[in-house]
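See below for entry_30.txt, which holds compact mmCIF, C-alpha atoms.
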```
# COMPACT_ATOMS: atom_id res chain seq x y z
CA MET Y 806 -31.37 40.78 -121.27
CA VAL Y 807 -29.77 40.96 -117.82
CA VAL Y 808 -33.14 41.70 -116.29
CA ASP Y 809 -34.57 38.63 -118.03
CA LEU Y 810 -31.78 36.45 -116.66
CA VAL Y 811 -32.25 37.79 -113.13
CA LEU Y 812 -36.00 37.24 -113.33
CA THR Y 813 -35.57 33.67 -114.66
CA ALA Y 814 -33.02 32.81 -111.96
CA ALA Y 815 -35.26 34.29 -109.27
CA SER Y 816 -38.27 32.31 -110.46
CA ILE Y 817 -36.22 29.07 -110.58
CA LEU Y 818 -34.96 29.69 -107.06
CA GLY Y 819 -38.47 30.54 -105.90
CA PHE Y 820 -39.85 27.40 -107.49
CA THR Y 821 -37.13 25.23 -105.86
CA ALA Y 822 -37.76 26.79 -102.47
CA GLN Y 823 -41.49 26.27 -102.86
CA ARG Y 824 -40.99 22.63 -103.81
CA ARG Y 825 -38.76 22.08 -100.80
CA ALA Y 826 -41.27 23.74 -98.51
CA ARG Y 827 -44.10 21.55 -99.76
CA PRO Y 828 -44.63 18.35 -97.76
CA PRO Y 829 -43.60 15.32 -99.82
CA ALA Y 830 -46.43 13.20 -101.21
CA VAL Y 831 -46.34 9.81 -99.52
CA SER Y 832 -48.68 6.90 -99.89
CA ASN Y 833 -47.51 4.57 -97.13
CA PRO Y 834 -45.45 4.61 -93.92
CA LEU Y 835 -42.56 2.75 -95.54
CA GLU Y 836 -42.19 5.47 -98.15
CA ALA Y 837 -42.45 8.15 -95.45
CA PHE Y 838 -39.53 6.66 -93.54
CA GLN Y 839 -37.49 6.25 -96.73
CA ILE Y 840 -37.98 9.93 -97.53
CA LEU Y 841 -37.10 10.83 -93.96
CA ASP Y 842 -33.95 8.69 -94.15
CA ARG Y 843 -32.81 10.53 -97.27
CA SER Y 844 -33.66 13.90 -95.71
CA ILE Y 845 -31.61 13.07 -92.62
CA GLU Y 846 -28.65 11.94 -94.73
CA LYS Y 847 -28.81 15.10 -96.80
CA PHE Y 848 -29.68 17.80 -94.31
CA VAL Y 849 -28.30 16.75 -90.92
CA PRO Y 850 -24.60 17.55 -90.78
CA ASN Y 851 -21.89 15.45 -89.16
CA LEU Y 852 -24.07 12.41 -88.90
CA PRO Y 853 -21.97 9.46 -90.08
CA VAL Y 854 -23.20 7.09 -92.78
CA GLY Y 855 -23.59 4.39 -90.13
CA PHE Y 856 -26.21 6.24 -88.11
CA THR Y 857 -29.14 4.35 -86.66
CA TRP Y 858 -32.67 5.69 -86.23
CA GLY Y 859 -32.08 6.07 -82.51
CA GLU Y 860 -28.95 8.15 -83.05
CA ALA Y 861 -30.67 10.37 -85.60
CA VAL Y 862 -33.65 10.97 -83.30
CA GLU Y 863 -31.36 11.79 -80.40
CA ARG Y 864 -29.43 14.27 -82.55
CA LEU Y 865 -32.56 15.97 -83.84
CA LYS Y 866 -34.03 16.26 -80.37
CA ARG Y 867 -30.80 17.83 -79.14
CA SER Y 868 -30.97 20.27 -82.04
CA GLY Y 869 -34.30 21.49 -80.73
CA VAL Y 870 -36.53 20.27 -83.56
CA LYS Y 871 -40.12 20.85 -82.52
CA LEU Y 872 -42.20 17.74 -83.08
CA ASP Y 873 -44.62 15.51 -81.25
CA TRP Y 874 -41.82 13.07 -80.50
CA GLY Y 875 -44.12 10.66 -78.69
CA ARG Y 876 -46.24 10.11 -81.82
CA PHE Y 877 -43.14 10.01 -84.00
CA GLU Y 878 -41.49 7.36 -81.85
CA THR Y 879 -44.63 5.21 -81.76
CA SER Y 880 -44.61 5.25 -85.54
CA LEU Y 881 -40.86 4.53 -85.64
CA ASP Y 882 -41.35 1.53 -83.33
CA GLU Y 883 -43.97 0.16 -85.68
CA TYR Y 884 -41.75 0.79 -88.70
CA GLU Y 885 -38.80 -0.98 -87.02
CA ALA Y 886 -41.01 -3.93 -86.09
CA PHE Y 887 -41.97 -4.16 -89.77
CA ARG Y 888 -38.46 -3.53 -91.10
CA TYR Y 889 -36.49 -5.82 -88.79
CA GLY Y 890 -39.10 -8.08 -87.27
CA GLY Y 891 -41.38 -8.83 -90.22
CA HIS Y 892 -44.46 -7.54 -88.35
CA GLN Y 893 -47.44 -6.04 -90.16
CA MET Y 894 -47.83 -2.25 -90.29
CA THR Y 895 -51.36 -1.55 -89.19
CA ASN Y 896 -51.32 2.24 -89.01
CA GLY Y 897 -51.17 4.65 -91.90
CA VAL Y 898 -48.70 7.44 -92.56
CA GLU Y 899 -47.91 9.31 -89.37
CA PRO Y 900 -48.06 13.06 -90.13
CA GLU Y 901 -45.19 13.74 -87.72
CA VAL Y 902 -42.84 11.63 -89.87
CA VAL Y 903 -43.71 13.66 -92.95
CA ARG Y 904 -43.49 16.87 -90.94
CA LEU Y 905 -39.98 16.01 -89.80
CA ALA Y 906 -38.86 15.27 -93.36
CA THR Y 907 -40.38 18.59 -94.51
CA THR Y 908 -38.76 20.45 -91.61
CA LEU Y 909 -35.38 19.10 -92.61
CA ARG Y 910 -35.94 19.92 -96.30
CA ARG Y 911 -36.99 23.45 -95.46
CA ASN Y 912 -33.83 23.74 -93.42
CA ILE Y 913 -35.89 24.70 -90.39
CA VAL Y 914 -33.42 22.86 -88.17
CA GLY Y 915 -31.16 25.83 -88.77
CA TYR Y 916 -28.27 24.32 -90.63
CA ARG Y 917 -27.35 22.75 -93.92
CA ASN Y 918 -25.15 19.79 -94.62
CA LYS Y 919 -22.01 21.85 -95.24
CA GLY Y 920 -19.94 20.35 -92.43
CA LYS Y 921 -21.11 22.96 -89.93
CA SER Y 922 -22.10 21.87 -86.47
CA PRO Y 923 -25.64 22.51 -85.30
CA SER Y 924 -26.22 25.40 -82.97
CA PRO Y 925 -25.92 24.24 -79.33
CA ASN Y 926 -29.51 24.52 -78.10
CA MET C 787 -42.37 -8.99 -69.19
CA ASP C 788 -38.86 -8.67 -70.63
CA ILE C 789 -38.21 -5.09 -69.55
CA ALA C 790 -39.64 -6.11 -66.20
CA ILE C 791 -37.08 -8.94 -65.95
CA LYS C 792 -34.22 -6.52 -66.43
CA GLU C 793 -35.63 -4.07 -63.91
CA ARG C 794 -36.22 -6.82 -61.36
CA VAL C 795 -32.64 -8.08 -61.71
CA LEU C 796 -31.14 -4.60 -61.53
CA ALA C 797 -33.28 -3.69 -58.52
CA GLN C 798 -32.05 -6.75 -56.63
CA ILE C 799 -28.41 -6.12 -57.52
CA ARG C 800 -28.69 -2.46 -56.51
CA THR C 801 -29.49 -3.54 -52.97
CA VAL C 802 -25.85 -4.58 -52.54
CA VAL C 803 -23.84 -3.15 -55.46
CA ILE C 804 -23.92 0.56 -56.11
CA GLY C 805 -23.40 2.16 -59.53
CA ARG C 806 -22.93 -1.01 -61.53
CA ASP C 807 -26.16 -1.07 -63.56
CA ARG C 808 -24.33 -1.14 -66.89
CA GLU C 809 -22.23 -4.11 -65.81
CA ALA C 810 -25.21 -5.96 -64.32
CA ASP C 811 -27.14 -5.39 -67.54
CA LEU C 812 -24.24 -6.86 -69.55
CA LEU C 813 -23.98 -9.86 -67.21
CA LEU C 814 -27.67 -10.49 -67.82
CA VAL C 815 -27.20 -10.21 -71.59
CA ALA C 816 -24.29 -12.69 -71.44
CA PHE C 817 -26.25 -15.06 -69.26
CA LEU C 818 -29.29 -15.03 -71.56
CA SER C 819 -26.94 -15.62 -74.50
CA GLY C 820 -25.43 -18.67 -72.79
CA GLY C 821 -21.96 -17.14 -72.75
CA HIS C 822 -19.12 -16.31 -70.40
CA VAL C 823 -17.78 -12.99 -69.26
CA LEU C 824 -14.33 -11.55 -68.74
CA LEU C 825 -14.33 -8.76 -66.16
CA GLU C 826 -11.32 -6.49 -66.24
CA GLY C 827 -10.45 -4.05 -63.54
CA VAL C 828 -8.18 -3.27 -60.65
CA PRO C 829 -8.82 -5.02 -57.30
CA GLY C 830 -11.47 -3.67 -54.96
CA ILE C 831 -14.02 -2.37 -57.44
CA SER C 832 -16.82 -4.81 -56.54
CA LYS C 833 -16.17 -7.51 -59.15
CA THR C 834 -16.74 -10.40 -56.73
CA ILE C 835 -19.78 -8.95 -55.00
CA LEU C 836 -21.33 -8.15 -58.36
CA ALA C 837 -20.87 -11.75 -59.53
CA LYS C 838 -22.20 -13.09 -56.22
CA ALA C 839 -25.21 -10.80 -56.26
CA PHE C 840 -25.93 -11.73 -59.86
CA ALA C 841 -25.78 -15.46 -59.07
CA ARG C 842 -28.08 -15.00 -56.11
CA CYS C 843 -30.73 -13.02 -57.92
CA MET C 844 -30.74 -15.51 -60.78
CA GLY C 845 -31.19 -18.29 -58.23
CA LEU C 846 -27.89 -19.93 -59.26
CA ASP C 847 -25.42 -21.98 -57.29
CA PHE C 848 -22.22 -19.93 -56.97
CA LYS C 849 -18.58 -20.91 -56.43
CA ARG C 850 -15.40 -18.93 -56.53
CA ILE C 851 -11.88 -20.06 -57.37
CA GLN C 852 -8.91 -17.85 -56.63
CA PHE C 853 -6.42 -18.70 -59.36
CA THR C 854 -2.77 -18.99 -58.37
CA PRO C 855 0.43 -19.90 -60.26
CA ASP C 856 0.76 -23.26 -58.44
CA MET C 857 -2.73 -24.44 -59.30
CA LEU C 858 -3.42 -27.70 -61.13
CA PRO C 859 -6.39 -28.50 -63.40
CA LEU C 860 -7.59 -31.07 -60.86
CA ASP C 861 -7.97 -28.32 -58.23
CA MET C 862 -10.70 -26.93 -60.40
CA ILE C 863 -12.37 -29.85 -62.12
CA GLY C 864 -11.92 -32.46 -59.40
CA GLY C 865 -10.40 -35.93 -59.57
CA PHE C 866 -10.48 -39.52 -58.39
CA VAL C 867 -9.94 -40.23 -54.70
CA PHE C 868 -9.77 -43.63 -53.04
CA ASN C 869 -12.81 -44.47 -50.94
CA THR C 870 -11.45 -46.74 -48.21
CA LYS C 871 -14.92 -47.96 -47.21
CA GLU C 872 -15.96 -49.03 -50.71
CA ARG C 873 -12.36 -49.87 -51.61
CA GLU C 874 -12.56 -48.15 -54.98
CA PHE C 875 -11.73 -44.88 -56.64
CA GLU C 876 -14.55 -42.41 -56.93
CA PHE C 877 -14.83 -39.09 -58.70
CA ARG C 878 -14.91 -36.09 -56.41
CA LYS C 879 -16.31 -33.04 -58.18
CA GLY C 880 -14.27 -29.85 -58.14
CA PRO C 881 -15.62 -26.29 -57.80
CA VAL C 882 -16.30 -26.08 -61.55
CA PHE C 883 -19.47 -28.09 -60.87
CA THR C 884 -21.69 -25.13 -60.21
CA ASN C 885 -24.01 -22.79 -62.11
CA LEU C 886 -21.97 -19.64 -61.82
CA LEU C 887 -18.23 -19.90 -61.38
CA LEU C 888 -16.19 -16.85 -60.49
CA ALA C 889 -12.67 -17.49 -61.81
CA ASP C 890 -10.80 -14.80 -59.94
CA GLU C 891 -7.57 -13.55 -61.53
CA ILE C 892 -7.61 -16.06 -64.36
CA ASN C 893 -4.33 -14.74 -65.72
CA ARG C 894 -2.51 -15.88 -62.55
CA ALA C 895 -3.15 -19.55 -63.34
CA PRO C 896 -0.76 -21.49 -65.60
CA PRO C 897 -1.88 -22.19 -69.20
CA LYS C 898 -2.89 -25.82 -68.40
CA VAL C 899 -5.45 -24.64 -65.85
CA GLN C 900 -6.67 -21.88 -68.14
CA SER C 901 -7.18 -24.29 -71.01
CA ALA C 902 -8.97 -26.80 -68.72
CA LEU C 903 -11.38 -24.05 -67.70
CA LEU C 904 -11.84 -22.86 -71.24
CA GLU C 905 -12.62 -26.41 -72.35
CA ALA C 906 -15.28 -26.59 -69.65
CA MET C 907 -16.65 -23.25 -70.86
CA GLN C 908 -16.83 -24.41 -74.45
CA GLU C 909 -18.07 -27.98 -74.02
CA LYS C 910 -20.03 -27.48 -70.76
CA GLN C 911 -18.52 -30.76 -69.62
CA VAL C 912 -15.21 -32.03 -68.19
CA THR C 913 -13.32 -35.25 -68.80
CA VAL C 914 -11.01 -36.79 -66.21
CA GLU C 915 -9.25 -40.05 -66.98
CA GLY C 916 -11.78 -40.97 -69.62
CA LEU C 917 -14.82 -40.14 -67.49
CA THR C 918 -16.92 -37.35 -68.96
CA GLN C 919 -19.14 -35.40 -66.62
CA ARG C 920 -21.73 -32.85 -67.71
CA LEU C 921 -21.65 -29.54 -65.90
CA PRO C 922 -24.89 -28.32 -64.31
CA PHE C 923 -27.37 -26.27 -66.33
CA PRO C 924 -27.03 -23.35 -66.68
CA PHE C 925 -23.27 -22.92 -66.55
CA MET C 926 -21.61 -19.55 -66.71
CA VAL C 927 -18.09 -18.41 -65.96
CA ILE C 928 -17.24 -14.90 -64.87
CA ALA C 929 -13.47 -14.60 -65.04
CA THR C 930 -11.64 -11.59 -63.71
CA GLN C 931 -8.25 -10.19 -64.48
CA ASN C 932 -6.32 -7.12 -63.53
CA PRO C 933 -4.99 -5.47 -66.70
CA GLN C 934 -2.37 -3.57 -64.70
CA GLU C 935 -0.52 -6.71 -63.63
CA PHE C 936 2.50 -7.76 -65.65
CA GLN C 937 4.59 -9.78 -63.15
CA GLY C 938 3.82 -13.47 -62.61
CA VAL C 939 0.87 -13.58 -64.95
CA TYR C 940 0.04 -15.74 -67.95
CA PRO C 941 -1.91 -13.56 -70.38
CA LEU C 942 -4.75 -15.33 -72.15
CA PRO C 943 -3.89 -16.08 -75.78
CA GLU C 944 -6.15 -14.91 -78.63
CA ASN C 945 -7.92 -18.25 -79.13
CA GLN C 946 -8.86 -18.33 -75.44
CA LEU C 947 -10.02 -14.73 -75.35
CA ASP C 948 -12.27 -15.57 -78.29
CA ARG C 949 -14.19 -18.00 -76.04
CA PHE C 950 -15.42 -15.16 -73.84
CA LEU C 951 -18.69 -13.82 -75.09
CA ILE C 952 -18.08 -10.36 -73.74
CA ARG C 953 -15.43 -8.41 -71.90
CA ILE C 954 -16.48 -5.74 -69.46
CA ASP C 955 -14.11 -3.05 -68.33
CA LEU C 956 -14.86 -2.01 -64.77
CA PRO C 957 -13.71 1.55 -64.19
CA TYR C 958 -13.37 3.19 -60.81
CA PRO C 959 -16.71 4.59 -59.63
CA ASP C 960 -17.32 8.29 -60.17
CA ILE C 961 -17.24 10.63 -57.16
CA PRO C 962 -20.97 10.61 -56.25
CA THR C 963 -21.10 6.80 -56.55
CA GLU C 964 -17.97 6.43 -54.46
CA SER C 965 -19.47 8.70 -51.80
CA MET C 966 -22.56 6.49 -51.71
CA ILE C 967 -20.39 3.37 -51.36
CA LEU C 968 -18.45 4.96 -48.50
CA ARG C 969 -21.60 6.12 -46.70
CA ARG C 970 -23.20 2.72 -46.88
CA ASN C 971 -22.70 0.47 -43.95
CA LEU C 972 -20.61 -2.51 -45.01
CA SER C 973 -22.91 -4.95 -43.23
CA ASP C 974 -25.67 -3.88 -45.64
CA MET C 975 -23.65 -5.22 -48.53
CA ASP C 976 -24.68 -8.81 -47.87
CA THR C 977 -25.97 -10.83 -50.78
CA VAL C 978 -28.17 -13.01 -48.53
CA ASN C 979 -30.85 -10.32 -48.70
CA ILE C 980 -31.13 -10.70 -52.46
CA GLU C 981 -34.26 -12.49 -53.63
CA PRO C 982 -34.06 -14.84 -56.61
CA VAL C 983 -35.90 -13.34 -59.57
CA PHE C 984 -36.60 -16.64 -61.36
CA THR C 985 -37.55 -20.19 -60.68
CA GLU C 986 -35.73 -22.76 -62.79
CA ALA C 987 -38.80 -23.30 -64.98
CA GLU C 988 -39.13 -19.54 -65.60
CA LEU C 989 -35.45 -19.36 -66.44
CA ARG C 990 -35.78 -22.08 -69.08
CA GLU C 991 -38.80 -20.29 -70.51
CA VAL C 992 -36.91 -16.99 -70.70
CA LEU C 993 -33.95 -18.66 -72.44
CA ARG C 994 -36.35 -20.24 -74.92
CA MET C 995 -37.91 -16.84 -75.65
CA VAL C 996 -34.50 -15.26 -76.27
CA GLU C 997 -33.74 -17.94 -78.85
CA LYS C 998 -36.91 -16.97 -80.69
CA VAL C 999 -35.87 -13.33 -81.16
CA HIS C 1000 -35.86 -12.69 -84.91
CA VAL C 1001 -32.72 -11.64 -86.79
CA SER C 1002 -33.55 -10.45 -90.31
CA ASP C 1003 -31.46 -11.34 -93.35
CA GLU C 1004 -30.52 -7.70 -93.79
CA ILE C 1005 -29.13 -7.58 -90.26
CA ILE C 1006 -27.12 -10.74 -90.96
CA ASP C 1007 -25.71 -9.17 -94.14
CA TYR C 1008 -24.89 -6.02 -92.18
CA LEU C 1009 -22.94 -8.13 -89.68
CA ALA C 1010 -21.07 -9.90 -92.47
CA ILE C 1011 -19.98 -6.52 -93.87
CA ILE C 1012 -18.84 -5.41 -90.41
CA ALA C 1013 -16.80 -8.62 -90.03
CA ALA C 1014 -15.16 -8.09 -93.43
CA GLU C 1015 -14.33 -4.49 -92.50
CA THR C 1016 -12.51 -5.59 -89.33
CA ARG C 1017 -10.42 -7.97 -91.43
CA LYS C 1018 -9.58 -5.28 -94.01
CA ASP C 1019 -8.73 -2.55 -91.52
CA LYS C 1020 -5.02 -1.71 -91.65
CA ARG C 1021 -4.98 -0.81 -87.96
CA LEU C 1022 -5.76 -4.41 -87.03
CA ARG C 1023 -3.53 -7.45 -87.14
CA LEU C 1024 -6.43 -9.75 -86.29
CA GLY C 1025 -10.04 -9.05 -87.25
CA ALA C 1026 -13.27 -10.54 -85.92
CA SER C 1027 -13.68 -14.31 -86.23
CA PRO C 1028 -16.93 -15.92 -87.41
CA ARG C 1029 -17.41 -17.06 -83.80
CA ALA C 1030 -17.15 -13.43 -82.67
CA MET C 1031 -19.92 -12.47 -85.07
CA VAL C 1032 -22.10 -15.37 -83.91
CA HIS C 1033 -21.56 -14.16 -80.35
CA LEU C 1034 -22.53 -10.65 -81.42
CA VAL C 1035 -25.81 -12.00 -82.83
CA HIS C 1036 -26.52 -13.87 -79.58
CA CYS C 1037 -25.85 -10.81 -77.43
CA SER C 1038 -27.92 -8.58 -79.70
CA ARG C 1039 -30.82 -11.00 -79.40
CA ALA C 1040 -30.62 -10.96 -75.63
CA ASN C 1041 -30.39 -7.17 -75.64
CA ALA C 1042 -33.44 -6.93 -77.92
CA PHE C 1043 -35.36 -9.26 -75.63
CA LEU C 1044 -34.44 -7.23 -72.56
CA SER C 1045 -35.61 -4.10 -74.41
CA GLY C 1046 -39.02 -5.70 -74.91
CA ARG C 1047 -38.62 -6.55 -78.60
CA ASP C 1048 -38.79 -9.84 -80.48
CA PHE C 1049 -36.48 -8.66 -83.26
CA VAL C 1050 -32.92 -7.32 -83.47
CA THR C 1051 -32.22 -3.79 -84.71
CA PRO C 1052 -28.91 -2.22 -85.79
CA GLU C 1053 -29.08 -0.38 -82.46
CA ASP C 1054 -28.69 -3.70 -80.58
CA ILE C 1055 -25.73 -4.66 -82.74
CA LYS C 1056 -24.04 -1.32 -82.20
CA LYS C 1057 -24.64 -1.34 -78.46
CA MET C 1058 -23.12 -4.79 -77.99
CA SER C 1059 -20.32 -4.50 -80.56
CA SER C 1060 -17.51 -3.07 -78.45
CA PHE C 1061 -18.19 -5.50 -75.56
CA VAL C 1062 -18.19 -8.50 -77.89
CA LEU C 1063 -15.50 -7.55 -80.38
CA SER C 1064 -12.84 -5.37 -78.78
CA HIS C 1065 -11.10 -8.09 -76.74
CA ARG C 1066 -10.80 -10.31 -79.81
CA LEU C 1067 -9.28 -7.75 -82.15
CA LYS C 1068 -5.52 -7.33 -82.16
CA LEU C 1069 -4.02 -4.00 -83.02
CA ASP C 1070 -1.28 -3.73 -85.59
CA GLN C 1071 1.84 -2.67 -83.72
CA SER C 1072 2.95 -0.22 -86.41
CA ALA C 1073 -0.44 1.51 -86.20
CA VAL C 1074 0.00 1.75 -82.43
CA LEU C 1075 3.56 3.06 -82.68
CA THR C 1076 2.63 5.69 -85.25
CA GLY C 1077 -0.16 6.84 -82.95
CA ASN C 1078 -2.96 5.91 -85.36
CA VAL C 1079 -4.82 3.90 -82.79
CA ALA C 1080 -4.57 3.07 -79.10
CA ASP C 1081 -7.55 0.84 -78.41
CA PRO C 1082 -9.48 -1.73 -80.49
CA THR C 1083 -12.72 -0.15 -79.26
CA GLU C 1084 -11.87 2.95 -81.35
CA VAL C 1085 -11.57 0.78 -84.46
CA VAL C 1086 -14.90 -0.93 -83.74
CA ARG C 1087 -16.62 2.44 -83.34
CA ASP C 1088 -15.00 3.74 -86.51
CA ILE C 1089 -16.14 0.78 -88.56
CA PHE C 1090 -19.70 1.16 -87.33
CA THR C 1091 -19.77 4.80 -88.32
CA LYS C 1092 -18.66 3.94 -91.87
CA VAL C 1093 -20.96 1.00 -92.62
CA ARG C 1094 -24.54 1.90 -93.49
CA PRO C 1095 -26.98 -0.21 -91.45
CA PRO C 1096 -30.31 -1.31 -92.91
CA ARG C 1097 -32.74 1.53 -92.15
```

Represent the structure contained in this file as structure tokens.
Amino acid sequence: MVVDLVLTAASILGFTAQRRARPPAVSNPLEAFQILDRSIEKFVPNLPVGFTWGEAVERLKRSGVKLDWGRFETSLDEYEAFRYGGHQMTNGVEPEVVRLATTLRRNIVGYRNKGKSPSPN
Amino acid sequence: MDIAIKERVLAQIRTVVIGRDREADLLLVAFLSGGHVLLEGVPGISKTILAKAFARCMGLDFKRIQFTPDMLPLDMIGGFVFNTKEREFEFRKGPVFTNLLLADEINRAPPKVQSALLEAMQEKQVTVEGLTQRLPFPFMVIATQNPQEFQGVYPLPENQLDRFLIRIDLPYPDIPTESMILRRNLSDMDTVNIEPVFTEAELREVLRMVEKVHVSDEIIDYLAIIAAETRKDKRLRLGASPRAMVHLVHCSRANAFLSGRDFVTPEDIKKMSSFVLSHRLKLDQSAVLTGNVADPTEVVRDIFTKVRPPR
């Protein structure tokens, strides 16, 4: 009985971890940025509700997240032009945006949103 | 083109003013927004030379008035004098008839002079004995005051402070900047070497482009929430007025334009907020006495951390 419970719990945990590790399925850049927004809110600690994209990017860079930031920022510029300027989005989903969301979900940044500060690197 | 404008202006100003890029950038934002600036700082921290250099690189006519307690409105706006040759009174224009007016130590002038200047700032025209005269285009006032002075000054009331688009606090320079200032030969600090960055036609074109910068409905709603938060905040006796929020939109547009964008982002709003709002907000004295707050800028920052921007 106990063994069954332990095995069930372990498989649930394993399944959850696997789901988190899997890149989210996104069909368009807008969705990718929405997922990223939620991931930042959930997994980056001490970032106030009023954060802007620029502040979040600065924080993540300071935390040492490995990413092709140039490509990410080009995509962010296009997203902002669409979001705030009503411009068309001509490019598809930027893999770096999805990669960042996945990195945060996998907790690769090295911290969870439990009020702890990120490691100073 | 837009980022280039900012760089060209800053490069010209740097030839005479050291370590004041932030302030020069804000002057440019205020100018492109069609507003006026209140510079606060102790004497001798390059307020005048900054204003002069800015006027010169924008290709503007510049005049300075040193405000004193015995000044009259006519000393600033001008008045009628008798022309003995023509045997009639004619209007002689005062120093306010310029493009960029440096109103030095505005809080030393009596309230009548202050309100005459503020009327000119608001209406961009002056009226003397029924004769209304338009001020030149563009017209910008950079007023200075020393916040450390308490004797013989007439502090600007809230409604007059609200007319200033932005307030810039000029701190003392840091040690490396001060060393550079000291090393530099004083004769180098002459604004005559500054080249105008614009022709008048280019200036009009730039101002037209700033007006076209897009502000989305979501950004407008975000601003409305921010305004409501300042009015609800217990630490404030006076929150942001609708005019303050309109000014914040104008400044954010100019900032977006100078960043090479044709749309405003929450980043622009946040960047400009403390310069546009903090001088208009009045702290609640009980909050100050209980040590809850010391500066309106803290409240502005706090509100922006609590309100979710459109992302």

Q | Within 10 Å of chain C: residues of chain Y, using all atoms listed in the file, as an MDAnalysis selection string | A | chainID Y and resid 838:839 842 852:860 882 884:892

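In this model, the gap between CA of Leu860 in chain C and CA of Leu904 in chain C comes to 13.9 Å.
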
Q. So, counting all atoms listed in the file, which residue among C:Leu989, C:Leu956, C:Met862, C:Leu1067 is closest to Leu818 in chain C?
A.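 Under the stated criterion, the closest residue is C:Leu989.
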
Q. Nearest to Ser1064 in chain C among C:Leu1009, C:Val992, C:Leu824, C:Ile851, with distances taken over only C-alpha atoms: which residue is it?
A. C:Leu824

Q: To one decimal in Å, tell me the separation between CA of Arg800 in chain C and CA of Asp960 in chain C.
A: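 Taking CA of Arg800 in chain C as the start and CA of Asp960 in chain C as the end point, the length is 16.1 Å.
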
Q | Selected residue of minimal separation from Arg1066 in chain C among C:Glu988, C:Asp1054, C:Glu1084, C:Glu944, counting all atoms listed in the file | A | C:Glu944

3 Å per side around range 964-970 of chain C: axis-aligned box centre and edge lengths, as JSON:
```
{"center_x": -20.6, "center_y": 5.7, "center_z": -50.6, "size_x": 11.2, "size_y": 12.0, "size_z": 13.8}
```

Q) By how many Å are CA of Ile980 in chain C and CA of Val795 in chain C apart? A) 9.7 Å

May I have a table of the residues of range 947-998 of chain C lying at most 12 Å from range 916-939 of chain C, giving each one's closest pair of atoms and their distance in Å to one decimal, counting only C-alpha atoms, ordered by chain and ascending residue number, as JSON lines?
```
{"residue": "C:Leu947", "atom": "CA", "partner": "C:Ala929", "partner_atom": "CA", "distance": 10.9}
{"residue": "C:Arg949", "atom": "CA", "partner": "C:Val927", "partner_atom": "CA", "distance": 10.8}
{"residue": "C:Phe950", "atom": "CA", "partner": "C:Val927", "partner_atom": "CA", "distance": 8.9}
{"residue": "C:Leu951", "atom": "CA", "partner": "C:Val927", "partner_atom": "CA", "distance": 10.2}
{"residue": "C:Ile952", "atom": "CA", "partner": "C:Ile928", "partner_atom": "CA", "distance": 10.0}
{"residue": "C:Arg953", "atom": "CA", "partner": "C:Ala929", "partner_atom": "CA", "distance": 9.4}
{"residue": "C:Ile954", "atom": "CA", "partner": "C:Thr930", "partner_atom": "CA", "distance": 9.5}
{"residue": "C:Asp955", "atom": "CA", "partner": "C:Pro933", "partner_atom": "CA", "distance": 9.6}
{"residue": "C:Leu956", "atom": "CA", "partner": "C:Asn932", "partner_atom": "CA", "distance": 10.0}
{"residue": "C:Pro957", "atom": "CA", "partner": "C:Asn932", "partner_atom": "CA", "distance": 11.4}
{"residue": "C:Glu986", "atom": "CA", "partner": "C:Pro924", "partner_atom": "CA", "distance": 9.5}
{"residue": "C:Ala987", "atom": "CA", "partner": "C:Phe923", "partner_atom": "CA", "distance": 11.9}
{"residue": "C:Leu989", "atom": "CA", "partner": "C:Pro924", "partner_atom": "CA", "distance": 9.3}
{"residue": "C:Arg990", "atom": "CA", "partner": "C:Pro924", "partner_atom": "CA", "distance": 9.2}
{"residue": "C:Leu993", "atom": "CA", "partner": "C:Pro924", "partner_atom": "CA", "distance": 10.2}
```

Prev. selection, C-alpha atoms, output as an mmCIF file, in the frame of the given file:
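Ended up saving to out_18.cif:
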```cif
data_model
loop_
_atom_site.group_PDB
_atom_site.id
_atom_site.type_symbol
_atom_site.label_atom_id
_atom_site.label_comp_id
_atom_site.auth_asym_id
_atom_site.auth_seq_id
_atom_site.Cartn_x
_atom_site.Cartn_y
_atom_site.Cartn_z
ATOM 1 C CA LEU C 947 -10.020 -14.730 -75.350
ATOM 2 C CA ARG C 949 -14.190 -18.000 -76.040
ATOM 3 C CA PHE C 950 -15.420 -15.160 -73.840
ATOM 4 C CA LEU C 951 -18.690 -13.820 -75.090
ATOM 5 C CA ILE C 952 -18.080 -10.360 -73.740
ATOM 6 C CA ARG C 953 -15.430 -8.410 -71.900
ATOM 7 C CA ILE C 954 -16.480 -5.740 -69.460
ATOM 8 C CA ASP C 955 -14.110 -3.050 -68.330
ATOM 9 C CA LEU C 956 -14.860 -2.010 -64.770
ATOM 10 C CA PRO C 957 -13.710 1.550 -64.190
ATOM 11 C CA GLU C 986 -35.730 -22.760 -62.790
ATOM 12 C CA ALA C 987 -38.800 -23.300 -64.980
ATOM 13 C CA LEU C 989 -35.450 -19.360 -66.440
ATOM 14 C CA ARG C 990 -35.780 -22.080 -69.080
ATOM 15 C CA LEU C 993 -33.950 -18.660 -72.440
#
```

Q. Near Asp873 in chain Y, counting only C-alpha atoms, which residues have an atom at most 9 Å away, once you skip same-chain residues fewer than 4 positions from it, shown as a list of chain:residue names?
A. Y:Phe877, Y:Glu878, Y:Glu901

Would you put the residues from that selection into a file with C-alpha atoms, as a compact mmCIF listing (two decimals), in the coordinates of the input?
```txt
# COMPACT_ATOMS: atom_id res chain seq x y z
CA PHE Y 877 -43.14 10.01 -84.00
CA GLU Y 878 -41.49 7.36 -81.85
CA GLU Y 901 -45.19 13.74 -87.72
```
